[in-house]
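Participant: Contents of coords00.cif (mmCIF, C-alpha atoms and all ligand atoms) are given next:
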```cif
data_start
loop_
_atom_site.group_PDB
_atom_site.id
_atom_site.type_symbol
_atom_site.label_atom_id
_atom_site.label_comp_id
_atom_site.auth_asym_id
_atom_site.auth_seq_id
_atom_site.Cartn_x
_atom_site.Cartn_y
_atom_site.Cartn_z
ATOM 1 C CA MET X 643 86.995 65.269 -96.343
ATOM 2 C CA ASN X 644 88.597 67.934 -98.493
ATOM 3 C CA ASN X 645 91.850 69.875 -98.390
ATOM 4 C CA LEU X 646 90.326 72.791 -96.477
ATOM 5 C CA ILE X 647 90.080 70.760 -93.264
ATOM 6 C CA VAL X 648 92.997 69.054 -91.525
ATOM 7 C CA VAL X 649 92.257 66.582 -88.723
ATOM 8 C CA SER X 650 95.183 65.682 -86.460
ATOM 9 C CA PRO X 651 96.255 62.023 -86.588
ATOM 10 C CA GLU X 652 95.200 61.417 -82.971
ATOM 11 C CA VAL X 653 91.700 62.825 -83.513
ATOM 12 C CA GLY X 654 91.391 61.084 -86.860
ATOM 13 C CA HIS X 655 92.228 57.695 -85.371
ATOM 14 C CA ALA X 656 89.829 58.182 -82.477
ATOM 15 C CA LEU X 657 86.994 59.121 -84.839
ATOM 16 C CA ALA X 658 87.723 56.165 -87.114
ATOM 17 C CA GLU X 659 87.580 53.823 -84.121
ATOM 18 C CA ARG X 660 84.437 55.533 -82.786
ATOM 19 C CA ARG X 661 86.165 56.480 -79.550
ATOM 20 C CA ALA X 662 85.137 59.490 -77.472
ATOM 21 C CA VAL X 663 86.220 62.853 -78.932
ATOM 22 C CA VAL X 664 85.427 66.288 -77.468
ATOM 23 C CA ALA X 665 85.713 69.485 -79.494
ATOM 24 C CA LEU X 666 86.973 72.657 -77.807
ATOM 25 C CA GLU X 667 86.811 76.192 -79.185
ATOM 26 C CA THR X 668 89.552 78.822 -79.529
ATOM 27 C CA THR X 669 87.583 82.091 -79.211
ATOM 28 C CA LEU X 670 87.667 81.817 -75.455
ATOM 29 C CA VAL X 671 91.395 81.070 -75.653
ATOM 30 C CA ALA X 672 92.097 84.199 -77.732
ATOM 31 C CA HIS X 673 89.431 86.639 -76.562
ATOM 32 C CA GLY X 674 87.868 85.313 -73.360
ATOM 33 C CA PHE X 675 90.840 85.956 -71.061
ATOM 34 C CA PRO X 676 93.611 88.512 -70.607
ATOM 35 C CA PRO X 677 96.538 88.044 -73.024
ATOM 36 C CA GLY X 678 98.466 84.871 -72.263
ATOM 37 C CA GLU X 679 95.937 83.362 -69.851
ATOM 38 C CA GLY X 680 93.571 81.824 -72.386
ATOM 39 C CA VAL X 681 96.125 79.316 -73.646
ATOM 40 C CA ALA X 682 96.507 77.888 -70.129
ATOM 41 C CA VAL X 683 92.713 77.471 -69.944
ATOM 42 C CA GLY X 684 92.736 75.664 -73.297
ATOM 43 C CA LEU X 685 95.537 73.326 -72.203
ATOM 44 C CA GLU X 686 93.855 72.570 -68.882
ATOM 45 C CA SER X 687 90.583 71.820 -70.715
ATOM 46 C CA GLU X 688 92.451 69.335 -72.920
ATOM 47 C CA ARG X 689 94.038 67.744 -69.864
ATOM 48 C CA ARG X 690 90.643 67.302 -68.202
ATOM 49 C CA VAL X 691 89.197 65.749 -71.368
ATOM 50 C CA ARG X 692 92.048 63.223 -71.472
ATOM 51 C CA GLU X 693 91.741 62.502 -67.762
ATOM 52 C CA ALA X 694 88.115 61.512 -68.369
ATOM 53 C CA GLY X 695 89.189 59.113 -71.119
ATOM 54 C CA ALA X 696 88.384 61.101 -74.260
ATOM 55 C CA VAL X 697 90.491 62.748 -76.974
ATOM 56 C CA PRO X 698 90.426 66.574 -77.136
ATOM 57 C CA ALA X 699 89.975 68.195 -80.542
ATOM 58 C CA THR X 700 90.679 71.904 -80.252
ATOM 59 C CA VAL X 701 89.474 73.735 -83.365
ATOM 60 C CA GLY X 702 90.788 76.842 -85.111
ATOM 61 C CA VAL X 703 91.957 78.270 -88.435
ATOM 62 C CA LEU X 704 95.727 78.225 -89.047
ATOM 63 C CA ASP X 705 97.841 78.466 -92.204
ATOM 64 C CA ASN X 706 94.904 78.400 -94.647
ATOM 65 C CA LYS X 707 93.270 75.339 -93.066
ATOM 66 C CA LEU X 708 90.450 74.613 -90.657
ATOM 67 C CA ARG X 709 92.347 72.566 -88.096
ATOM 68 C CA VAL X 710 90.754 69.952 -85.826
ATOM 69 C CA GLY X 711 93.189 68.947 -83.086
ATOM 70 C CA LEU X 712 96.022 71.346 -82.218
ATOM 71 C CA ASP X 713 99.315 70.776 -80.411
ATOM 72 C CA GLU X 714 100.565 73.100 -77.679
ATOM 73 C CA GLY X 715 102.646 75.241 -80.010
ATOM 74 C CA GLU X 716 99.726 75.678 -82.376
ATOM 75 C CA LEU X 717 97.349 76.553 -79.556
ATOM 76 C CA GLY X 718 99.859 79.175 -78.426
ATOM 77 C CA ARG X 719 99.317 81.053 -81.693
ATOM 78 C CA PHE X 720 95.755 81.951 -80.645
ATOM 79 C CA GLY X 721 96.581 85.273 -78.990
ATOM 80 C CA ALA X 722 94.577 88.476 -78.677
ATOM 81 C CA ASP X 723 95.325 89.430 -82.293
ATOM 82 C CA ALA X 724 93.552 86.336 -83.659
ATOM 83 C CA ARG X 725 90.444 86.946 -85.733
ATOM 84 C CA LYS X 726 87.134 85.934 -84.122
ATOM 85 C CA VAL X 727 85.686 83.358 -86.500
ATOM 86 C CA GLY X 728 82.029 82.409 -86.485
ATOM 87 C CA PRO X 729 80.447 80.127 -89.103
ATOM 88 C CA ARG X 730 80.202 82.936 -91.679
ATOM 89 C CA ASP X 731 83.886 83.808 -91.251
ATOM 90 C CA LEU X 732 85.469 80.381 -91.760
ATOM 91 C CA ALA X 733 86.003 80.565 -95.509
ATOM 92 C CA ALA X 734 87.502 84.056 -95.580
ATOM 93 C CA ALA X 735 89.801 83.289 -92.643
ATOM 94 C CA ILE X 736 91.062 80.181 -94.456
ATOM 95 C CA VAL X 737 91.588 81.916 -97.799
ATOM 96 C CA GLN X 738 93.287 84.926 -96.201
ATOM 97 C CA GLY X 739 95.627 82.891 -93.982
ATOM 98 C CA ALA X 740 94.313 84.411 -90.757
ATOM 99 C CA VAL X 741 94.776 82.941 -87.319
ATOM 100 C CA GLY X 742 91.067 82.292 -86.775
ATOM 101 C CA ALA X 743 89.731 81.666 -83.281
ATOM 102 C CA THR X 744 86.512 79.738 -83.725
ATOM 103 C CA THR X 745 83.426 80.546 -81.635
ATOM 104 C CA VAL X 746 81.003 77.883 -80.456
ATOM 105 C CA GLY X 747 79.197 78.267 -83.790
ATOM 106 C CA GLY X 748 82.414 78.071 -85.803
ATOM 107 C CA THR X 749 83.552 75.040 -83.817
ATOM 108 C CA LEU X 750 80.212 73.272 -84.275
ATOM 109 C CA ALA X 751 80.565 73.796 -88.015
ATOM 110 C CA ALA X 752 83.855 71.858 -87.822
ATOM 111 C CA CYS X 753 82.169 69.168 -85.691
ATOM 112 C CA ARG X 754 79.553 68.674 -88.368
ATOM 113 C CA ALA X 755 82.152 68.475 -91.111
ATOM 114 C CA VAL X 756 84.234 65.769 -89.419
ATOM 115 C CA GLY X 757 81.630 63.974 -87.287
ATOM 116 C CA ILE X 758 82.462 65.032 -83.737
ATOM 117 C CA GLY X 759 79.465 64.688 -81.423
ATOM 118 C CA PHE X 760 80.555 66.388 -78.203
ATOM 119 C CA MET X 761 81.855 69.784 -77.196
ATOM 120 C CA GLY X 762 82.603 71.770 -74.068
ATOM 121 C CA THR X 763 82.542 75.539 -73.566
ATOM 122 C CA GLY X 764 81.876 78.191 -70.928
ATOM 123 C CA GLY X 765 78.618 79.848 -71.876
ATOM 124 C CA LEU X 766 76.702 79.896 -75.136
ATOM 125 C CA GLY X 767 76.021 82.987 -77.167
ATOM 126 C CA GLY X 768 72.404 83.978 -77.760
ATOM 127 C CA VAL X 769 70.027 86.919 -77.959
ATOM 128 C CA HIS X 770 71.572 90.152 -76.723
ATOM 129 C CA ARG X 771 69.622 92.203 -74.201
ATOM 130 C CA GLY X 772 67.068 94.775 -75.235
ATOM 131 C CA PHE X 773 66.829 93.326 -78.753
ATOM 132 C CA PRO X 774 68.936 96.290 -79.860
ATOM 133 C CA ASN X 775 68.672 98.050 -83.164
ATOM 134 C CA PRO X 776 70.196 96.355 -85.088
ATOM 135 C CA PRO X 777 69.303 93.102 -83.306
ATOM 136 C CA ASP X 778 72.240 90.958 -82.229
ATOM 137 C CA ILE X 779 71.688 87.202 -82.058
ATOM 138 C CA SER X 780 74.695 84.902 -81.820
ATOM 139 C CA ALA X 781 75.439 82.645 -84.765
ATOM 140 C CA ASP X 782 75.921 79.928 -82.141
ATOM 141 C CA LEU X 783 72.140 79.418 -82.348
ATOM 142 C CA GLY X 784 72.119 78.806 -86.090
ATOM 143 C CA GLU X 785 74.705 76.037 -85.771
ATOM 144 C CA LEU X 786 72.934 74.488 -82.777
ATOM 145 C CA MET X 787 69.948 74.105 -85.071
ATOM 146 C CA ARG X 788 71.838 71.984 -87.591
ATOM 147 C CA THR X 789 74.677 70.161 -85.822
ATOM 148 C CA GLU X 790 74.287 66.796 -84.114
ATOM 149 C CA ALA X 791 76.467 67.487 -81.109
ATOM 150 C CA LEU X 792 75.925 67.650 -77.377
ATOM 151 C CA ILE X 793 77.480 70.760 -75.927
ATOM 152 C CA VAL X 794 78.172 71.178 -72.225
ATOM 153 C CA SER X 795 78.063 74.780 -71.034
ATOM 154 C CA SER X 796 77.042 76.689 -67.937
ATOM 155 C CA GLY X 797 73.948 77.814 -69.786
ATOM 156 C CA VAL X 798 73.848 80.959 -71.849
ATOM 157 C CA LYS X 799 76.162 83.860 -70.990
ATOM 158 C CA SER X 800 74.287 85.989 -68.434
ATOM 159 C CA ILE X 801 75.355 89.208 -70.147
ATOM 160 C CA LEU X 802 72.663 88.262 -72.698
ATOM 161 C CA ASP X 803 68.873 88.011 -72.573
ATOM 162 C CA VAL X 804 68.831 84.451 -71.239
ATOM 163 C CA PRO X 805 65.020 83.916 -71.191
ATOM 164 C CA ALA X 806 64.738 85.136 -74.812
ATOM 165 C CA THR X 807 67.583 82.818 -75.809
ATOM 166 C CA ALA X 808 65.877 79.877 -74.081
ATOM 167 C CA GLU X 809 62.663 80.641 -75.993
ATOM 168 C CA LEU X 810 64.586 80.709 -79.252
ATOM 169 C CA LEU X 811 66.231 77.380 -78.436
ATOM 170 C CA GLU X 812 62.747 75.935 -77.957
ATOM 171 C CA THR X 813 61.665 77.407 -81.297
ATOM 172 C CA LEU X 814 64.659 75.737 -82.948
ATOM 173 C CA GLY X 815 63.857 72.406 -81.295
ATOM 174 C CA VAL X 816 67.104 72.285 -79.318
ATOM 175 C CA PRO X 817 66.784 70.254 -76.081
ATOM 176 C CA VAL X 818 68.077 72.127 -73.043
ATOM 177 C CA LEU X 819 69.035 69.611 -70.378
ATOM 178 C CA GLY X 820 69.912 70.520 -66.813
ATOM 179 C CA PHE X 821 72.693 68.497 -65.207
ATOM 180 C CA GLY X 822 71.148 67.841 -61.794
ATOM 181 C CA THR X 823 69.167 71.068 -62.053
ATOM 182 C CA ASP X 824 65.639 72.139 -63.042
ATOM 183 C CA ASP X 825 66.648 75.633 -64.093
ATOM 184 C CA LEU X 826 69.330 76.772 -66.498
ATOM 185 C CA PRO X 827 72.566 77.929 -64.877
ATOM 186 C CA LEU X 828 73.331 81.615 -65.432
ATOM 187 C CA PHE X 829 76.967 81.227 -66.476
ATOM 188 C CA TYR X 830 78.709 82.601 -63.346
ATOM 189 C CA ALA X 831 75.651 81.804 -61.202
ATOM 190 C CA ALA X 832 74.575 78.218 -60.605
ATOM 191 C CA HIS X 833 70.846 78.936 -60.711
ATOM 192 C CA GLY X 834 68.260 81.508 -61.696
ATOM 193 C CA GLY X 835 67.756 80.868 -65.397
ATOM 194 C CA PRO X 836 64.581 79.710 -67.125
ATOM 195 C CA PRO X 837 63.371 76.114 -66.649
ATOM 196 C CA VAL X 838 65.239 73.463 -68.619
ATOM 197 C CA SER X 839 63.333 71.191 -70.994
ATOM 198 C CA GLY X 840 64.558 68.127 -69.125
ATOM 199 C CA ARG X 841 66.677 67.281 -66.136
ATOM 200 C CA VAL X 842 69.289 64.503 -66.170
ATOM 201 C CA GLU X 843 71.155 63.172 -63.172
ATOM 202 C CA SER X 844 74.195 61.568 -64.768
ATOM 203 C CA ALA X 845 76.511 61.593 -67.762
ATOM 204 C CA GLU X 846 75.108 58.211 -68.710
ATOM 205 C CA GLU X 847 71.535 59.528 -68.748
ATOM 206 C CA ALA X 848 72.599 62.522 -70.864
ATOM 207 C CA ALA X 849 74.278 60.142 -73.315
ATOM 208 C CA ARG X 850 71.114 58.038 -73.597
ATOM 209 C CA VAL X 851 68.951 61.111 -74.228
ATOM 210 C CA ALA X 852 71.391 62.226 -76.933
ATOM 211 C CA ARG X 853 71.262 58.849 -78.612
ATOM 212 C CA ALA X 854 67.456 58.856 -78.532
ATOM 213 C CA HIS X 855 67.258 62.425 -79.886
ATOM 214 C CA TRP X 856 69.485 61.663 -82.865
ATOM 215 C CA GLY X 857 67.911 58.225 -83.226
ATOM 216 C CA LEU X 858 64.600 59.959 -83.829
ATOM 217 C CA GLY X 859 66.154 61.776 -86.759
ATOM 218 C CA ARG X 860 66.466 65.072 -84.906
ATOM 219 C CA HIS X 861 69.442 66.827 -86.438
ATOM 220 C CA THR X 862 69.956 69.498 -83.778
ATOM 221 C CA SER X 863 72.459 69.969 -81.010
ATOM 222 C CA ILE X 864 71.640 69.287 -77.378
ATOM 223 C CA LEU X 865 72.602 71.777 -74.699
ATOM 224 C CA LEU X 866 73.633 70.215 -71.391
ATOM 225 C CA GLY X 867 73.673 72.970 -68.773
ATOM 226 C CA ARG X 868 76.056 72.333 -65.909
ATOM 227 C CA PRO X 869 75.859 74.686 -62.894
ATOM 228 C CA PRO X 870 79.284 76.093 -61.970
ATOM 229 C CA SER X 871 80.535 74.526 -58.718
ATOM 230 C CA GLU X 872 81.041 77.953 -57.186
ATOM 231 C CA SER X 873 78.215 80.389 -57.778
ATOM 232 C CA LEU X 874 78.710 84.152 -58.111
ATOM 233 C CA ASP X 875 75.263 85.580 -57.379
ATOM 234 C CA ASP X 876 75.886 89.315 -57.094
ATOM 235 C CA LEU X 877 77.084 90.219 -60.581
ATOM 236 C CA GLU X 878 73.978 91.746 -62.166
ATOM 237 C CA PRO X 879 74.822 95.387 -61.295
ATOM 238 C CA LEU X 880 78.305 94.913 -62.731
ATOM 239 C CA ILE X 881 76.916 93.292 -65.898
ATOM 240 C CA GLU X 882 74.602 96.281 -66.398
ATOM 241 C CA ARG X 883 77.543 98.672 -66.013
ATOM 242 C CA GLY X 884 79.602 96.665 -68.476
ATOM 243 C CA LEU X 885 76.832 96.680 -71.072
ATOM 244 C CA ALA X 886 76.290 100.437 -70.591
ATOM 245 C CA ASP X 887 80.018 101.005 -70.986
ATOM 246 C CA ALA X 888 80.057 98.992 -74.220
ATOM 247 C CA HIS X 889 77.114 101.017 -75.524
ATOM 248 C CA GLU X 890 78.692 104.376 -74.637
ATOM 249 C CA GLN X 891 81.963 103.398 -76.298
ATOM 250 C CA GLY X 892 80.161 102.301 -79.449
ATOM 251 C CA VAL X 893 81.266 98.667 -79.135
ATOM 252 C CA SER X 894 79.125 96.486 -81.399
ATOM 253 C CA GLY X 895 78.860 93.158 -83.231
ATOM 254 C CA GLN X 896 81.472 90.518 -82.498
ATOM 255 C CA ASN X 897 83.315 92.837 -80.089
ATOM 256 C CA VAL X 898 80.523 93.092 -77.517
ATOM 257 C CA THR X 899 81.012 89.739 -75.784
ATOM 258 C CA PRO X 900 84.813 89.974 -75.312
ATOM 259 C CA PHE X 901 84.504 93.615 -74.238
ATOM 260 C CA VAL X 902 81.959 92.898 -71.528
ATOM 261 C CA LEU X 903 83.755 89.758 -70.299
ATOM 262 C CA ALA X 904 86.996 91.757 -69.970
ATOM 263 C CA PHE X 905 85.115 94.521 -68.141
ATOM 264 C CA LEU X 906 83.770 91.981 -65.648
ATOM 265 C CA HIS X 907 87.164 90.345 -65.159
ATOM 266 C CA ARG X 908 88.684 93.753 -64.362
ATOM 267 C CA GLU X 909 85.889 95.251 -62.256
ATOM 268 C CA SER X 910 85.202 92.123 -60.190
ATOM 269 C CA GLY X 911 88.824 92.051 -59.085
ATOM 270 C CA GLY X 912 89.393 88.817 -60.980
ATOM 271 C CA ARG X 913 86.465 86.908 -59.428
ATOM 272 C CA THR X 914 84.709 86.335 -62.764
ATOM 273 C CA LEU X 915 88.024 85.392 -64.321
ATOM 274 C CA ALA X 916 88.619 82.569 -61.838
ATOM 275 C CA ALA X 917 84.982 81.473 -62.097
ATOM 276 C CA ASN X 918 85.071 81.478 -65.891
ATOM 277 C CA ARG X 919 88.270 79.428 -65.972
ATOM 278 C CA ASP X 920 86.942 76.852 -63.516
ATOM 279 C CA LEU X 921 83.585 76.382 -65.230
ATOM 280 C CA ILE X 922 85.185 76.006 -68.672
ATOM 281 C CA VAL X 923 87.531 73.218 -67.613
ATOM 282 C CA ASP X 924 84.820 71.470 -65.561
ATOM 283 C CA ASN X 925 82.455 71.631 -68.544
ATOM 284 C CA ALA X 926 85.141 70.117 -70.774
ATOM 285 C CA ALA X 927 85.509 67.253 -68.289
ATOM 286 C CA LEU X 928 81.754 66.594 -68.219
ATOM 287 C CA ALA X 929 81.578 66.672 -72.024
ATOM 288 C CA ALA X 930 84.269 63.980 -72.004
ATOM 289 C CA GLU X 931 82.362 61.877 -69.466
ATOM 290 C CA VAL X 932 79.229 62.018 -71.614
ATOM 291 C CA ALA X 933 81.225 61.208 -74.753
ATOM 292 C CA VAL X 934 82.776 58.177 -73.029
ATOM 293 C CA GLU X 935 79.331 56.965 -71.889
ATOM 294 C CA TYR X 936 77.962 57.483 -75.392
ATOM 295 C CA ALA X 937 80.777 55.444 -76.935
ATOM 296 C CA SER X 938 79.939 52.548 -74.620
ATOM 297 C CA LEU X 939 76.157 52.494 -75.298
HETATM 298 N N1 LIG F 1 82.269 81.080 -73.264
HETATM 299 C C1 LIG F 1 83.182 81.711 -72.460
HETATM 300 N N2 LIG F 1 83.912 82.732 -73.024
HETATM 301 C C2 LIG F 1 83.771 83.096 -74.352
HETATM 302 C C3 LIG F 1 82.812 82.415 -75.171
HETATM 303 C C4 LIG F 1 82.089 81.404 -74.583
HETATM 304 O O1 LIG F 1 83.312 81.398 -71.268
HETATM 305 O O2 LIG F 1 84.469 84.003 -74.804
HETATM 306 C C5 LIG F 1 82.657 82.788 -76.646
HETATM 307 C C6 LIG F 1 82.217 81.589 -77.463
HETATM 308 O O3 LIG F 1 83.165 81.415 -78.490
HETATM 309 C C7 LIG F 1 80.880 81.982 -78.037
HETATM 310 C C8 LIG F 1 81.058 83.457 -78.200
HETATM 311 O O4 LIG F 1 80.629 81.338 -79.258
HETATM 312 O O5 LIG F 1 81.674 83.802 -76.932
HETATM 313 C C9 LIG F 1 79.767 84.192 -78.474
HETATM 314 O O6 LIG F 1 80.069 85.410 -79.095
HETATM 315 P P1 LIG F 1 78.918 86.269 -79.805
HETATM 316 O O7 LIG F 1 78.042 86.710 -78.662
HETATM 317 O O8 LIG F 1 79.622 87.421 -80.478
HETATM 318 O O9 LIG F 1 78.227 85.344 -80.752
HETATM 319 MN MN MN F 2 76.692 88.919 -82.065
#
```
The structure in this file should be written as structure tokens.
Ligand code: PSU
Ligand code: MN

Facilitator:
Amino acid sequence: MNNLIVVSPEVGHALAERRAVVALETTLVAHGFPPGEGVAVGLESERRVREAGAVPATVGVLDNKLRVGLDEGELGRFGADARKVGPRDLAAAIVQGAVGATTVGGTLAACRAVGIGFMGTGGLGGVHRGFPNPPDISADLGELMRTEALIVSSGVKSILDVPATAELLETLGVPVLGFGTDDLPLFYAAHGGPPVSGRVESAEEAARVARAHWGLGRHTSILLGRPPSESLDDLEPLIERGLADAHEQGVSGQNVTPFVLAFLHRESGGRTLAANRDLIVDNAALAAEVAVEYASL
């Protein structure tokens, strides 16, 4: 380890003893919910990870360090004015003393650096719709290609081109497992995505597949897609309006995803907000269950 990364004592001890640790991101805390509400989602995710017997390791940049494991006061600093920090942004955020909310990709980079093998999130980033000019492909995919971690999410965010993202995951050799499902969940919707590369029925089975994948010398992540318990199946028209709105207002790059999520939260009368919160904390809990199974293999 070097002095750019600070691991909390609790997470450090758990890693040293090879106990179950689950990484959580801070972009959704800072930018995935209306001001103030994201911190509650982060805290509830941590609670669910603990309840399942694992140690939460929430990741973000604070005070010139990449921090792994935050306390409540520290998590509270990840407000709407935090910088969105993907893998390319880590170094500058550290040097410049920014409050840096790490994306899935940024969080996976921390996982690789400190040896955390499990993570929970809401929905992965991927290929944006229409392969726009310039093309927009989430840096989440680049880190999935090179980080040995199993990440539980409700598939790929449905505001993206999900089939194209699934094809790219295949190209990168990233297993896409369905948790009791043959097709990838569509974030807010439980079903309707492209076929998964393999279906597992339990946390224990997912843990065994992960061990075999890494045991074969595969150095990629594994996506475990968990369908949200409550499925919102009528959102496509609203998603199209949100994307059109973003386009008309000239929103681009890292701002697209938070813009469209906020649009949906507002225009659905809070339905996507509740759904997003529930699926994030449930995914964190499942990531913890898999991590606990893995530790006992
Ligand atoms: N899942 C959610 N809400 C979010 C995200 C995931 O339920 O806000 C974030 C993650 O941090 C993910 C990021 O890495 O969206 C993808 O952003 P982009 O499309 O700009 O790569
Ligand atoms: Mn992007």

Participant: Just the residues within 12 Å of Gly764 in chain X, please, counting all atoms listed in the file, with nothing from its chain fewer than 3 positions along; format it as a PyMOL selection string.

Facilitator: chain X and resi 666-671+674-675+683-684+687+745-746+761+767+793-800+827-830+865-870+903+914-915+917-929

Participant: Could you tell me, as JSON, numbers by chain, which residues have any atom at most 12 Å from (63.0, 78.2, -61.9), counting only C-alpha atoms?

Facilitator: {"X": [805, 820, 823, 824, 825, 826, 827, 828, 832, 833, 834, 835, 836, 837, 838, 839]}

Participant: Please dump the current selection as a CSV table (one decimal), in the coordinates of the input; keep C-alpha atoms.

Facilitator:
```csv
chain,number,residue,atom,x,y,z
X,805,PRO,CA,65.0,83.9,-71.2
X,820,GLY,CA,69.9,70.5,-66.8
X,823,THR,CA,69.2,71.1,-62.1
X,824,ASP,CA,65.6,72.1,-63.0
X,825,ASP,CA,66.6,75.6,-64.1
X,826,LEU,CA,69.3,76.8,-66.5
X,827,PRO,CA,72.6,77.9,-64.9
X,828,LEU,CA,73.3,81.6,-65.4
X,832,ALA,CA,74.6,78.2,-60.6
X,833,HIS,CA,70.8,78.9,-60.7
X,834,GLY,CA,68.3,81.5,-61.7
X,835,GLY,CA,67.8,80.9,-65.4
X,836,PRO,CA,64.6,79.7,-67.1
X,837,PRO,CA,63.4,76.1,-66.6
X,838,VAL,CA,65.2,73.5,-68.6
X,839,SER,CA,63.3,71.2,-71.0
```

Participant: CA of Ala694 in chain X and CA of Ala682 in chain X are how many Å apart?

Facilitator: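 According to the coordinates, CA of Ala694 in chain X and CA of Ala682 in chain X are separated by 18.5 Å.
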
Participant: Point out the residue among X:Ala886, X:Leu786, X:Ile779, X:Ala854 with the least atom-to-atom distance to ligand MN 2 (chain F), counting only C-alpha atoms and all ligand atoms.

Facilitator: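 Ranked by minimum distance to ligand MN 2 (chain F), first place goes to X:Ile779.
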
Participant: Care to translate the PyMOL selection byres (((not hetatm)) within 10 of (chain F and resi 2)) into actual residues of this file, as a PDB file with C-alpha atoms, in the coordinates of the input?

Facilitator:
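And here is the file that came out, expr_20.pdb:
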```pdb
ATOM      1  CA  GLY X 728      82.029  82.409 -86.485  1.00  0.00           C
ATOM      2  CA  GLY X 767      76.021  82.987 -77.167  1.00  0.00           C
ATOM      3  CA  GLY X 768      72.404  83.978 -77.760  1.00  0.00           C
ATOM      4  CA  VAL X 769      70.027  86.919 -77.959  1.00  0.00           C
ATOM      5  CA  HIS X 770      71.572  90.152 -76.723  1.00  0.00           C
ATOM      6  CA  PRO X 777      69.303  93.102 -83.306  1.00  0.00           C
ATOM      7  CA  ASP X 778      72.240  90.958 -82.229  1.00  0.00           C
ATOM      8  CA  ILE X 779      71.688  87.202 -82.058  1.00  0.00           C
ATOM      9  CA  SER X 780      74.695  84.902 -81.820  1.00  0.00           C
ATOM     10  CA  ALA X 781      75.439  82.645 -84.765  1.00  0.00           C
ATOM     11  CA  ASP X 782      75.921  79.928 -82.141  1.00  0.00           C
ATOM     12  CA  SER X 894      79.125  96.486 -81.399  1.00  0.00           C
ATOM     13  CA  GLY X 895      78.860  93.158 -83.231  1.00  0.00           C
ATOM     14  CA  GLN X 896      81.472  90.518 -82.498  1.00  0.00           C
ATOM     15  CA  ASN X 897      83.315  92.837 -80.089  1.00  0.00           C
ATOM     16  CA  VAL X 898      80.523  93.092 -77.517  1.00  0.00           C
ATOM     17  CA  THR X 899      81.012  89.739 -75.784  1.00  0.00           C
TER      18      THR X 899
END
```

Participant: List as a PyMOL selection string the protein and nucleic acid residues near Arg853 in chain X, meaning an atom at most 9 Å away when only C-alpha atoms are counted, but skip any in the same chain fewer than 4 places from it.

Facilitator: chain X and resi 848-849+857-858+936+939

Participant: Which residue, X:Ala743, X:Met787, X:Ala656, X:Ala937, has the smallest gap to ligand LIG 1 (chain F) when you use only C-alpha atoms and all ligand atoms?

Facilitator: X:Ala743

Participant: Once the PyMOL selection byres (((chain X and resi 785) around 12) and not hetatm) has been evaluated on this model, what residues remain selected, and can you format them as an NGL selection string?

Facilitator: :X and (728-730 or 745-755 or 766-768 or 780-784 or 786-793 or 811 or 814 or 816 or 861-864)

Participant: Return as lines of an AutoDock Vina configuration file the box centre and box size in Å, one decimal, for an axis-aligned box around all listed atoms of ligand LIG 1 (chain F) padded by 6 Å per side.

Facilitator:
```
center_x = 81.3
center_y = 84.3
center_z = -76.0
size_x = 18.4
size_y = 18.3
size_z = 21.5
```

Participant: Looking at X:Val741, X:Ala699, X:Leu810, X:Leu657, which one is nearest to Lys726 in chain X, with distances taken over all atoms listed in the file?

Facilitator: X:Val741

Participant: Taking the file as I've supplied it (selection: the PyMOL selection byres (((chain X and resi 709) around 9) and not hetatm)), which residues are included? Please answer as a ChimeraX atom specification.

Facilitator: /X:646-650,700-704,707-708,710-712,752
